Amino acid sequence: TPDFGDNVILWARLDYLLADPDRARSLVAKLHGPKPLDGAAALAAVTGKDLATLEADVKAWVLEKYRKKRKAK
């Protein structure tokens with residue numbers, strides 16, 4: 001079973017993808033369209049990035065977004 005840290009990482013990735021509604025809609029269409037793609041192929045098609053690049057972008061986005069929230073308190 002996943003631990004708390006795994007859940008935080010998963011939800012951070014989802015938060016990144018859902019931050020852009022057009023990207024989220026495109027991803028759902030790629031996953032569930034007439035010719036569904038697997039997860040990695042769908043992410044690459046929607047973002048134009050390989051998984052390693054996408055992961056680096058998500059990490060930078062999360063650090064920027066959540067640091068601001070912590071400082072605001």
# chains A, B, ... in the order shown; residues from 1 in each chain; ligands from 1

call {"tool": "residues_around", "arguments": {"residues": "Ala42 in chain A", "least_positions_apart": "3", "cutoff": "8 Å", "atoms": "only C-alpha atoms", "output": "list in words"}}
result
Leu27, Lys30, Leu31, Leu37, Asp38, Gly39, Ala45 and Val46 of chain A

call {"tool": "select_by_dssp", "arguments": {"residues": "chain A", "states": "helix (DSSP H, G or I)", "output": "PyMOL selection string"}}
result
chain A and resi 4-18+21-32+39-47+51-72

call {"tool": "residues_around", "arguments": {"residues": "Ala44 in chain A", "least_positions_apart": "6", "cutoff": "10 Å", "atoms": "only C-alpha atoms", "output": "list in words"}}
result
Leu27, Asp50, Leu51, Thr53 and Leu54 of chain A

call {"tool": "atom_distance", "arguments": {"atom1": "CA of Pro36 in chain A", "atom2": "CA of Asp20 in chain A"}}
result
20.9 Å

call {"tool": "closest_residue", "arguments": {"among": "A:Thr47, A:Ala41, A:Ala12, A:Val28", "to": "Lys65 in chain A", "atoms": "only C-alpha atoms"}}
result
A:Ala12

call {"tool": "atom_distance", "arguments": {"atom1": "CA of Asn7 in chain A", "atom2": "CA of Leu43 in chain A"}}
result
19.3 Å

call {"tool": "atom_distance", "arguments": {"atom1": "CA of Pro2 in chain A", "atom2": "CA of Leu18 in chain A"}}
result
21.8 Å

call {"tool": "closest_residue", "arguments": {"among": "A:Ala56, A:Gly5, A:Val62, A:Gly48", "to": "Arg23 in chain A", "atoms": "only C-alpha atoms"}}
result
A:Gly48

call {"tool": "residues_around", "arguments": {"residues": "Ile9 in chain A", "least_positions_apart": "5", "cutoff": "10 Å", "atoms": "only C-alpha atoms", "output": "list in words"}}
result
Phe4, Leu14, Asp15, Val58, Lys59 and Val62 of chain A

call {"tool": "write_last_selection", "arguments": {"atoms": "N, CA and C atoms", "output": "short mmCIF file (atom, residue, chain, number, x, y, z; two decimals), in the first residue's frame"}}
result
data_model
loop_
_atom_site.label_atom_id
_atom_site.label_comp_id
_atom_site.auth_asym_id
_atom_site.auth_seq_id
_atom_site.Cartn_x
_atom_site.Cartn_y
_atom_site.Cartn_z
N PHE A 4 2.05 7.83 2.98
CA PHE A 4 1.64 9.22 2.89
C PHE A 4 2.46 9.99 1.85
N LEU A 14 -1.00 15.49 -9.95
CA LEU A 14 -2.37 15.78 -10.42
C LEU A 14 -2.67 17.27 -10.35
N ASP A 15 -2.24 17.92 -9.29
CA ASP A 15 -2.45 19.36 -9.14
C ASP A 15 -1.80 20.10 -10.30
N VAL A 58 7.35 19.38 -13.12
CA VAL A 58 6.40 19.26 -12.01
C VAL A 58 7.09 19.62 -10.70
N LYS A 59 8.30 19.12 -10.51
CA LYS A 59 9.04 19.40 -9.28
C LYS A 59 9.26 20.91 -9.11
N VAL A 62 5.90 22.63 -8.30
CA VAL A 62 5.45 22.36 -6.93
C VAL A 62 6.27 23.18 -5.93
#

call {"tool": "closest_residue", "arguments": {"among": "A:Val8, A:Ala40, A:Leu17, A:Ala24", "to": "Asp57 in chain A", "atoms": "only C-alpha atoms"}}
result
A:Leu17
